[in-house]
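Here's entry34.cif, which has mmCIF, C-alpha atoms:
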data_model
loop_
_atom_site.label_atom_id
_atom_site.label_comp_id
_atom_site.auth_asym_id
_atom_site.auth_seq_id
_atom_site.Cartn_x
_atom_site.Cartn_y
_atom_site.Cartn_z
CA MET A 1 -149.17 75.67 7.86
CA ASN A 2 -147.34 74.81 11.08
CA LYS A 3 -149.52 74.24 14.15
CA PHE A 4 -148.50 75.14 17.66
CA TYR A 5 -149.41 72.77 20.48
CA LEU A 6 -149.09 73.27 24.21
CA ASN A 7 -148.01 70.28 26.25
CA TYR A 8 -149.91 69.64 29.46
CA ILE A 9 -147.39 71.47 31.68
CA ASP A 10 -147.61 74.54 29.44
CA GLU A 11 -151.41 74.38 29.74
CA LEU A 12 -151.25 74.17 33.53
CA GLU A 13 -148.77 77.04 33.65
CA ALA A 14 -150.95 79.21 31.39
CA GLU A 15 -154.02 78.46 33.51
CA ALA A 16 -152.21 79.35 36.75
CA ILE A 17 -150.83 82.59 35.29
CA PHE A 18 -154.32 83.51 34.11
CA VAL A 19 -155.69 82.97 37.65
CA LEU A 20 -152.87 85.04 39.19
CA ARG A 21 -153.53 87.92 36.79
CA GLU A 22 -157.26 87.73 37.54
CA ALA A 23 -156.51 87.94 41.26
CA TYR A 24 -154.32 91.00 40.71
CA ALA A 25 -157.04 92.64 38.60
CA GLN A 26 -159.92 92.00 41.02
CA PHE A 27 -158.43 92.60 44.47
CA GLN A 28 -156.87 95.58 46.23
CA ARG A 29 -154.40 93.88 48.58
CA PRO A 30 -153.55 90.34 47.45
CA VAL A 31 -150.72 88.38 49.07
CA ILE A 32 -149.10 85.00 48.46
CA LEU A 33 -149.28 82.61 51.41
CA PHE A 34 -145.70 81.39 51.57
CA SER A 35 -144.76 78.37 53.67
CA GLY A 36 -141.39 77.57 52.11
CA GLY A 37 -142.83 74.37 50.67
CA LYS A 38 -142.65 73.34 47.04
CA ASP A 39 -146.21 74.43 46.17
CA SER A 40 -145.89 77.98 47.49
CA ILE A 41 -142.47 78.20 45.81
CA VAL A 42 -144.03 77.19 42.47
CA VAL A 43 -146.84 79.75 42.93
CA THR A 44 -144.22 82.44 43.62
CA HIS A 45 -142.28 81.38 40.51
CA LEU A 46 -145.49 81.54 38.45
CA ALA A 47 -146.21 85.04 39.80
CA LYS A 48 -142.72 86.09 38.74
CA LYS A 49 -143.38 84.81 35.21
CA ALA A 50 -146.88 86.30 35.13
CA PHE A 51 -145.68 89.85 35.71
CA THR A 52 -142.17 89.86 34.24
CA PRO A 53 -140.29 92.15 33.62
CA CYS A 54 -141.94 93.89 36.57
CA LYS A 55 -141.46 92.88 40.18
CA ILE A 56 -144.02 90.52 41.72
CA PRO A 57 -146.94 92.80 42.76
CA PHE A 58 -147.78 90.68 45.80
CA ALA A 59 -146.32 90.62 49.28
CA LEU A 60 -145.44 87.19 50.68
CA MET A 61 -147.16 86.24 53.93
CA HIS A 62 -145.69 83.56 56.19
CA VAL A 63 -147.28 82.22 59.37
CA ASP A 64 -144.34 81.37 61.62
CA THR A 65 -145.28 78.73 64.19
CA GLY A 66 -141.89 78.88 65.90
CA HIS A 67 -141.52 75.16 65.12
CA ASN A 68 -140.31 75.53 61.55
CA PHE A 69 -137.38 73.72 60.01
CA PRO A 70 -134.36 76.10 60.17
CA GLU A 71 -133.70 75.27 56.50
CA THR A 72 -137.17 76.55 55.59
CA ILE A 73 -136.67 79.92 57.31
CA LYS A 74 -133.27 80.40 55.67
CA PHE A 75 -134.72 79.56 52.25
CA ARG A 76 -137.57 82.03 52.82
CA ASP A 77 -135.24 84.85 53.80
CA ASP A 78 -132.88 84.20 50.87
CA LEU A 79 -135.81 84.17 48.42
CA ILE A 80 -137.25 87.42 49.78
CA LYS A 81 -133.86 89.08 49.40
CA ASP A 82 -133.55 87.78 45.83
CA LEU A 83 -137.07 88.88 44.79
CA GLY A 84 -137.03 92.21 46.62
CA VAL A 85 -140.65 91.86 47.76
CA GLU A 86 -142.37 92.60 51.06
CA LEU A 87 -142.51 89.85 53.67
CA ILE A 88 -145.38 89.79 56.19
CA VAL A 89 -144.82 87.43 59.11
CA GLY A 90 -147.56 86.32 61.47
CA SER A 91 -146.13 84.82 64.66
CA VAL A 92 -147.95 82.02 66.49
CA GLN A 93 -145.68 82.64 69.49
CA GLU A 94 -146.90 86.24 69.62
CA SER A 95 -150.49 85.01 69.45
CA ILE A 96 -149.77 82.76 72.44
CA ASP A 97 -148.00 85.54 74.37
CA ASN A 98 -150.88 87.95 73.72
CA GLY A 99 -153.49 85.45 74.88
CA ARG A 100 -155.08 85.08 71.46
CA VAL A 101 -154.57 81.29 71.51
CA VAL A 102 -153.67 78.69 74.12
CA GLU A 103 -150.84 76.27 73.41
CA GLU A 104 -151.91 72.64 73.23
CA ARG A 105 -150.74 70.21 75.88
CA GLY A 106 -150.30 66.46 75.83
CA LYS A 107 -148.29 63.94 73.87
CA ASP A 108 -149.79 64.91 70.50
CA ALA A 109 -149.68 68.67 71.06
CA SER A 110 -149.15 70.72 67.93
CA ARG A 111 -149.17 74.36 66.89
CA ASN A 112 -150.77 73.53 63.55
CA ALA A 113 -154.33 74.55 64.42
CA LEU A 114 -153.08 77.64 66.27
CA GLN A 115 -152.02 79.05 62.90
CA ILE A 116 -155.68 79.75 62.09
CA THR A 117 -155.99 82.66 64.53
CA THR A 118 -152.56 84.02 63.63
CA LEU A 119 -153.36 83.87 59.91
CA LEU A 120 -156.75 85.57 60.29
CA ASP A 121 -155.22 88.28 62.50
CA ALA A 122 -152.49 88.91 59.90
CA ILE A 123 -155.09 89.11 57.13
CA GLU A 124 -157.17 91.62 59.11
CA ASP A 125 -154.23 93.70 60.37
CA ASN A 126 -152.79 94.05 56.86
CA LYS A 127 -156.20 94.60 55.18
CA VAL A 128 -155.66 91.61 52.90
CA ASP A 129 -158.63 90.83 50.65
CA CYS A 130 -157.05 87.94 48.75
CA ALA A 131 -154.65 85.29 50.02
CA ILE A 132 -153.11 83.23 47.21
CA GLY A 133 -152.15 79.70 48.21
CA GLY A 134 -150.57 76.59 46.76
CA GLY A 135 -153.38 74.17 47.63
CA ARG A 136 -154.05 71.42 45.10
CA ARG A 137 -157.17 69.31 44.68
CA ASP A 138 -155.24 66.03 44.61
CA GLU A 139 -153.70 66.61 48.06
CA GLU A 140 -156.65 65.87 50.28
CA LYS A 141 -160.39 65.26 49.89
CA SER A 142 -161.50 68.57 51.41
CA ARG A 143 -159.20 70.49 49.06
CA ALA A 144 -160.87 68.72 46.14
CA LYS A 145 -163.96 70.83 46.95
CA GLU A 146 -162.14 74.12 46.47
CA ARG A 147 -162.77 76.57 43.66
CA PHE A 148 -159.99 78.68 42.13
CA PHE A 149 -161.56 81.68 43.91
CA SER A 150 -162.62 80.39 47.34
CA HIS A 151 -164.82 82.73 49.34
CA ARG A 152 -164.30 83.31 53.09
CA ASP A 153 -166.90 85.03 55.27
CA GLU A 154 -166.30 87.91 57.71
CA PHE A 155 -164.99 85.42 60.27
CA GLY A 156 -162.53 83.93 57.77
CA GLN A 157 -164.51 80.71 57.63
CA TRP A 158 -164.95 78.45 54.62
CA THR A 159 -168.38 77.04 53.75
CA PRO A 160 -168.04 74.36 51.02
CA LYS A 161 -171.69 74.72 49.95
CA ASN A 162 -171.46 78.49 49.66
CA GLN A 163 -168.92 78.78 46.84
CA ARG A 164 -169.47 80.53 43.53
CA PRO A 165 -169.73 78.67 40.19
CA GLU A 166 -166.79 79.22 37.85
CA LEU A 167 -168.30 78.57 34.45
CA TRP A 168 -166.09 79.33 31.44
CA ASN A 169 -163.31 80.43 33.81
CA LEU A 170 -165.23 83.49 34.92
CA PHE A 171 -164.27 84.31 38.49
CA ASN A 172 -166.55 86.30 40.82
CA GLY A 173 -164.45 88.11 43.39
CA LYS A 174 -167.22 90.35 44.75
CA MET A 175 -167.58 90.36 48.52
CA HIS A 176 -168.86 92.31 51.50
CA THR A 177 -166.66 94.37 53.81
CA GLY A 178 -164.62 92.15 56.12
CA GLU A 179 -164.74 89.11 53.84
CA HIS A 180 -161.87 87.86 51.72
CA PHE A 181 -160.92 85.24 49.16
CA ARG A 182 -158.38 82.47 49.02
CA VAL A 183 -157.13 81.88 45.48
CA PHE A 184 -155.53 78.61 44.36
CA PRO A 185 -153.82 78.95 40.95
CA ILE A 186 -152.43 75.39 40.88
CA SER A 187 -155.64 73.64 41.94
CA ASN A 188 -155.58 71.35 38.91
CA TRP A 189 -151.95 70.31 39.36
CA THR A 190 -150.85 67.02 40.88
CA GLU A 191 -147.75 66.33 42.93
CA MET A 192 -146.22 64.81 39.80
CA ASP A 193 -147.01 67.96 37.81
CA VAL A 194 -145.35 70.13 40.44
CA TRP A 195 -142.14 68.09 40.38
CA ASN A 196 -142.05 67.95 36.58
CA TYR A 197 -142.45 71.73 36.51
CA ILE A 198 -139.73 72.27 39.13
CA LEU A 199 -137.44 70.04 37.05
CA ARG A 200 -138.25 71.82 33.80
CA GLU A 201 -137.89 75.32 35.24
CA ASN A 202 -134.92 74.38 37.45
CA ILE A 203 -136.59 76.02 40.45
CA GLN A 204 -134.58 76.21 43.66
CA ILE A 205 -136.15 74.33 46.60
CA PRO A 206 -135.12 73.71 50.23
CA SER A 207 -132.55 70.96 50.76
CA LEU A 208 -135.12 69.12 52.91
CA TYR A 209 -136.74 67.75 49.75
CA TYR A 210 -133.53 65.92 48.80
CA ALA A 211 -132.38 62.72 50.49
CA HIS A 212 -130.04 63.43 53.40
CA GLU A 213 -128.82 61.88 56.64
CA ARG A 214 -130.87 62.92 59.67
CA GLU A 215 -131.67 61.87 63.23
CA VAL A 216 -135.26 60.64 63.29
CA ILE A 217 -137.85 58.87 65.44
CA TRP A 218 -140.42 56.36 64.16
CA ARG A 219 -143.81 57.79 65.17
CA ASN A 220 -147.27 57.67 63.58
CA ASP A 221 -145.94 55.48 60.76
CA SER A 222 -143.44 58.16 59.72
CA TRP A 223 -139.87 59.20 60.38
CA ILE A 224 -140.28 62.34 62.50
CA PRO A 225 -137.08 64.44 62.68
CA ASN A 226 -135.47 64.77 66.07
CA SER A 227 -135.52 68.33 67.40
CA GLU A 228 -135.57 70.35 70.60
CA TYR A 229 -139.39 70.19 70.52
CA ILE A 230 -139.57 66.38 70.58
CA THR A 231 -139.96 64.38 73.80
CA LEU A 232 -139.18 60.70 73.44
CA ARG A 233 -141.98 58.34 74.38
CA LYS A 234 -141.64 54.89 75.86
CA GLY A 235 -140.09 52.51 73.34
CA GLU A 236 -138.90 55.25 70.99
CA GLU A 237 -135.26 55.69 70.11
CA ILE A 238 -133.33 58.14 67.99
CA GLN A 239 -132.00 56.61 64.78
CA LYS A 240 -130.01 57.96 61.88
CA LYS A 241 -131.65 57.46 58.49
CA LYS A 242 -131.30 58.77 54.97
CA ILE A 243 -134.64 60.43 54.37
CA ARG A 244 -136.32 63.22 52.47
CA PHE A 245 -139.60 65.08 52.91
CA ARG A 246 -142.45 65.11 50.40
CA THR A 247 -144.22 67.98 52.15
CA LEU A 248 -143.04 70.60 54.64
CA GLY A 249 -144.83 71.75 57.78
CA ASP A 250 -143.83 72.06 61.41
CA ILE A 251 -140.76 70.02 62.31
CA THR A 252 -142.81 68.30 65.04
CA ILE A 253 -145.46 66.83 62.71
CA THR A 254 -143.80 66.43 59.32
CA GLY A 255 -142.72 62.88 58.61
CA GLY A 256 -140.03 61.89 56.14
CA ILE A 257 -139.62 58.82 53.95
CA GLU A 258 -136.53 56.71 53.48
CA SER A 259 -135.08 57.65 50.13
CA ASP A 260 -131.96 57.89 47.98
CA ALA A 261 -133.45 60.59 45.75
CA ASP A 262 -130.85 63.36 45.97
CA THR A 263 -131.51 64.98 42.57
CA LEU A 264 -134.63 66.37 40.90
CA GLU A 265 -134.54 63.59 38.32
CA LYS A 266 -134.49 60.94 41.03
CA ILE A 267 -137.32 62.66 42.91
CA VAL A 268 -139.49 62.68 39.77
CA ASP A 269 -138.81 58.98 39.25
CA GLU A 270 -139.60 58.22 42.89
CA VAL A 271 -142.84 60.23 42.98
CA SER A 272 -144.05 58.47 39.83
CA THR A 273 -144.13 55.19 41.77
CA MET A 274 -145.86 56.55 44.89
CA ARG A 275 -149.36 55.33 45.69
CA MET A 276 -149.98 57.36 48.86
CA THR A 277 -150.69 61.08 49.03
CA GLU A 278 -147.84 63.27 50.23
CA ARG A 279 -149.94 64.40 53.20
CA GLY A 280 -150.02 60.81 54.43
CA ASN A 281 -146.86 61.69 56.38
CA ARG A 282 -148.42 64.68 58.16
CA ALA A 283 -149.44 63.89 61.75
CA ASP A 284 -151.90 66.82 61.83
CA ASP A 285 -154.03 65.13 59.14
CA LYS A 286 -154.23 61.88 61.11
CA ARG A 287 -156.21 63.29 64.05
CA SER A 288 -159.51 62.40 62.38
CA ASP A 289 -160.95 61.58 58.95
CA THR A 290 -162.10 65.18 58.60
CA ALA A 291 -159.13 66.91 60.25
CA MET A 292 -158.24 69.08 57.25
CA GLU A 293 -161.84 70.06 56.45
CA ASP A 294 -162.55 70.95 60.08
CA ARG A 295 -159.52 73.27 60.13
CA LYS A 296 -160.40 74.80 56.77
CA LYS A 297 -163.92 75.64 57.96
CA GLN A 298 -162.33 77.61 60.81
CA GLY A 299 -160.07 79.59 58.45
CA TYR A 300 -157.09 77.32 57.80
CA PHE A 301 -155.01 77.66 54.62
#
Translate the structure of the given file into C-alpha cells.
Amino acid sequence: MNKFYLNYIDELEAEAIFVLREAYAQFQRPVILFSGGKDSIVVTHLAKKAFTPCKIPFALMHVDTGHNFPETIKFRDDLIKDLGVELIVGSVQESIDNGRVVEERGKDASRNALQITTLLDAIEDNKVDCAIGGGRRDEEKSRAKERFFSHRDEFGQWTPKNQRPELWNLFNGKMHTGEHFRVFPISNWTEMDVWNYILRENIQIPSLYYAHEREVIWRNDSWIPNSEYITLRKGEEIQKKKIRFRTLGDITITGGIESDADTLEKIVDEVSTMRMTERGNRADDKRSDTAMEDRKKQGYF
C-alpha cells in the first residue's frame, strides 16, 4: 500500500489554511491586514487557496502612513484589481489632519507608532471583529508570545498574560462587544519557510525584495533609501548601492542590505546564510529593547 507524506511546507500550508477557515467560520467581519510585504502577500495567497474556486471572503485592510514605498502602493493596487476584493484604507495623514494623532518631531521622527490609532479607528469604523495578519513568531521576541487567535480588549490593546490556551488546535474566538481578535495563520513559519513557499508557488512580490540600484544613506547600521522625507544629517552623504529589502515598512525607517540576489533562487540561498532577524534593519524596532511589545500592547499589528 502506498503511503502519502506531507513535506514540511505542505504541513505549514495546511495549518495556515485551517486557521484561515476557522477565522471565517467564527467571525462576522474578518479582514486581512495587508501591508504589501511578503508575509501579508503569502497570507493573501493562502486565503485564495483556502476558498478556491470562490473569491477571497475577506476585505484587505491597509494602513497608509503616507510614507510608503511607491512600489508597494502600486503592487497593492494591482493585486486588488486582480483579486477583485474590497480594499479598506486607513490614512495616517487623515488621522493627523483630524487631530487624532500628533506627528512626531525630531531627527528620529517616524509615523510608525501613529498607525496604532489609525488602525484601531479603521477596525471600529468598519465593525471588524477579526484582523488577520502575517506576524510570525520567529520575527521578534514579543511576537513569539502570540497565539494563533490573539485577543484584543475593547481598547484594542494586547495583554500577553490574558490569552486563551489553544490545546489540540481548538480556537476560542468568543469575545465581548467592542473587542476583537488578531489572527496569525503563519505564526509557525520562519523567514526561510516564507521564501521557500514563495519560490514553490511562484508568488508575485514587489520589486523591492530583489537586488536593485538605489540612492541610499548609511544610518542606524542600515542603508536607508533616499526620499523626499529624508533630511541629511551631519556627516551623511547620498550613495548609490545595489541593495534589496528583507522587510517592508515606511520608506523612512526600512533599511536595505547590500545584495546581488535578483532572483527568488538567489534570495533563498542568501536568506539561508543570514544570522540576523529581518527586523534588524527596521529603525522603529531599535528605539528600545521592548519597542515592538510596547507598540503591540497599545494595539499595533
Practice problem: Select, counting only C-alpha atoms, all protein, DNA and RNA residues no farther than 9 Å from (-158.5, 74.8, 72.2) in file coordinates, and express the selection as a list in words. | Solution: Val101, Val102, Glu103, Glu104, Ala113 and Leu114 of chain A
Using all atoms listed in the file, find each residue of range 120-200 of chain A with at least one atom at most 10 Å away from an atom of range 71-89 of chain A; report its shortest atom-to-atom pair and that distance in Å (one decimal), sort the rows by chain and rising residue number, and return the result as a tab-separated table.
residue	atom	partner	partner_atom	distance
A:Ala122	CA	A:Val89	CA	7.9
A:Ile123	CA	A:Ile88	CA	9.8
A:Asn126	CA	A:Ile88	CA	8.6
Practice problem: Show which residues sit within 10 Å of range 270-274 of chain A, as JSON, numbers by chain. Count only C-alpha atoms, and ignore same-chain residues fewer than 6 positions away. | Solution: {"A": [191, 192, 195, 246, 259, 260, 261, 264]}
Show me the residues around (-144.4, 74.4, 42.2) - criterion: an atom at most 7 Å away, all atoms listed in the file counted - as an mmCIF file with C-alpha atoms, in the frame of the given file.
data_model
loop_
_atom_site.group_PDB
_atom_site.id
_atom_site.type_symbol
_atom_site.label_atom_id
_atom_site.label_comp_id
_atom_site.auth_asym_id
_atom_site.auth_seq_id
_atom_site.Cartn_x
_atom_site.Cartn_y
_atom_site.Cartn_z
ATOM 1 C CA LYS A 38 -142.650 73.340 47.040
ATOM 2 C CA ASP A 39 -146.210 74.430 46.170
ATOM 3 C CA SER A 40 -145.890 77.980 47.490
ATOM 4 C CA ILE A 41 -142.470 78.200 45.810
ATOM 5 C CA VAL A 42 -144.030 77.190 42.470
ATOM 6 C CA VAL A 43 -146.840 79.750 42.930
ATOM 7 C CA VAL A 194 -145.350 70.130 40.440
ATOM 8 C CA TRP A 195 -142.140 68.090 40.380
ATOM 9 C CA TYR A 197 -142.450 71.730 36.510
ATOM 10 C CA ILE A 198 -139.730 72.270 39.130
#
Would you mind listing, for every residue of range 100-165 of chain A within 12 Å of range 232-242 of chain A, the two atoms forming the shortest contact and the distance between them in Å to one decimal, using only C-alpha atoms, sorted by chain and ascending residue number, as JSON lines?
{"residue": "A:Gly106", "atom": "CA", "partner": "A:Arg233", "partner_atom": "CA", "distance": 11.7}
{"residue": "A:Lys107", "atom": "CA", "partner": "A:Arg233", "partner_atom": "CA", "distance": 8.5}
{"residue": "A:Asp108", "atom": "CA", "partner": "A:Arg233", "partner_atom": "CA", "distance": 10.9}
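The smallest atom-to-atom distance between Val19 in chain A and any of A:Ala109, A:Met175, A:Val63, A:Ile186, using all atoms listed in the file, is found for A:Ile186.
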Quiz item: Which of these, A:Glu258, A:Glu213, A:Glu13, A:Asp129, has the shortest distance to Lys49 in chain A once you count all atoms listed in the file?
Solution: A:Glu13
Exercise. Might you pull out every residue within 10 Å of Asp121 in chain A, with only C-alpha atoms counted and same-chain residues fewer than 2 positions away left off, and present them as a PyMOL selection string?
Key: chain A and resi 90-91+95+100+115-119+123-127+156
Exercise. For each of A:Thr254, A:Gln157, A:Ser110, A:Ser207, take the minimum atom-to-atom distance to His180 in chain A, counting only C-alpha atoms, then give the residue where this is smallest.
Key: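 Of all the options, A:Gln157 lies closest to His180 in chain A.
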Pull the closest atom pair for each residue of range 170-284 of chain A that gets at most 9 Å from range 143-151 of chain A, along with the distance in Å to one decimal, counting all atoms listed in the file, ordering rows by chain and then ascending residue number, as a tab-separated table.
residue	atom	partner	partner_atom	distance
A:Phe171	CA	A:Phe149	CA	6.6
A:Asn172	CA	A:Phe149	CA	7.5
A:Gly173	CA	A:Phe149	CA	7.1
A:Met175	CA	A:His151	CA	8.2
A:Glu179	CA	A:His151	CA	7.8
A:His180	CA	A:His151	CA	6.4
A:Phe181	CA	A:His151	CA	4.6
A:Arg182	CA	A:Ser150	CA	5.0
A:Val183	CA	A:Phe149	CA	4.7
A:Phe184	CA	A:Phe148	CA	5.0
A:Pro185	CA	A:Phe148	CA	6.3
A:Ile186	CA	A:Phe148	CA	8.3
A:Ser187	CA	A:Phe148	CA	6.7
Write the residues of the selection above to a file with C-alpha atoms, as a PDB file, keeping the file's coordinate frame.
ATOM      1  CA  PHE A 171    -164.270  84.310  38.490  1.00  0.00           C
ATOM      2  CA  ASN A 172    -166.550  86.300  40.820  1.00  0.00           C
ATOM      3  CA  GLY A 173    -164.450  88.110  43.390  1.00  0.00           C
ATOM      4  CA  MET A 175    -167.580  90.360  48.520  1.00  0.00           C
ATOM      5  CA  GLU A 179    -164.740  89.110  53.840  1.00  0.00           C
ATOM      6  CA  HIS A 180    -161.870  87.860  51.720  1.00  0.00           C
ATOM      7  CA  PHE A 181    -160.920  85.240  49.160  1.00  0.00           C
ATOM      8  CA  ARG A 182    -158.380  82.470  49.020  1.00  0.00           C
ATOM      9  CA  VAL A 183    -157.130  81.880  45.480  1.00  0.00           C
ATOM     10  CA  PHE A 184    -155.530  78.610  44.360  1.00  0.00           C
ATOM     11  CA  PRO A 185    -153.820  78.950  40.950  1.00  0.00           C
ATOM     12  CA  ILE A 186    -152.430  75.390  40.880  1.00  0.00           C
ATOM     13  CA  SER A 187    -155.640  73.640  41.940  1.00  0.00           C
TER      14      SER A 187
END
Self-check item: Residue IDs satisfying the PyMOL selection byres ((chain A and resi 138) around 8), as a list in words
Solution: Arg136, Arg137, Glu139, Glu140, Lys141, Arg143, Ala144, Asn188, Trp189, Thr190 and Glu191 of chain A
Write to file, as a PDB file, keeping the file's coordinate frame, the residues of the selection just made, with C-alpha atoms.
ATOM      1  CA  ARG A 136    -154.050  71.420  45.100  1.00  0.00           C
ATOM      2  CA  ARG A 137    -157.170  69.310  44.680  1.00  0.00           C
ATOM      3  CA  GLU A 139    -153.700  66.610  48.060  1.00  0.00           C
ATOM      4  CA  GLU A 140    -156.650  65.870  50.280  1.00  0.00           C
ATOM      5  CA  LYS A 141    -160.390  65.260  49.890  1.00  0.00           C
ATOM      6  CA  ARG A 143    -159.200  70.490  49.060  1.00  0.00           C
ATOM      7  CA  ALA A 144    -160.870  68.720  46.140  1.00  0.00           C
ATOM      8  CA  ASN A 188    -155.580  71.350  38.910  1.00  0.00           C
ATOM      9  CA  TRP A 189    -151.950  70.310  39.360  1.00  0.00           C
ATOM     10  CA  THR A 190    -150.850  67.020  40.880  1.00  0.00           C
ATOM     11  CA  GLU A 191    -147.750  66.330  42.930  1.00  0.00           C
TER      12      GLU A 191
END
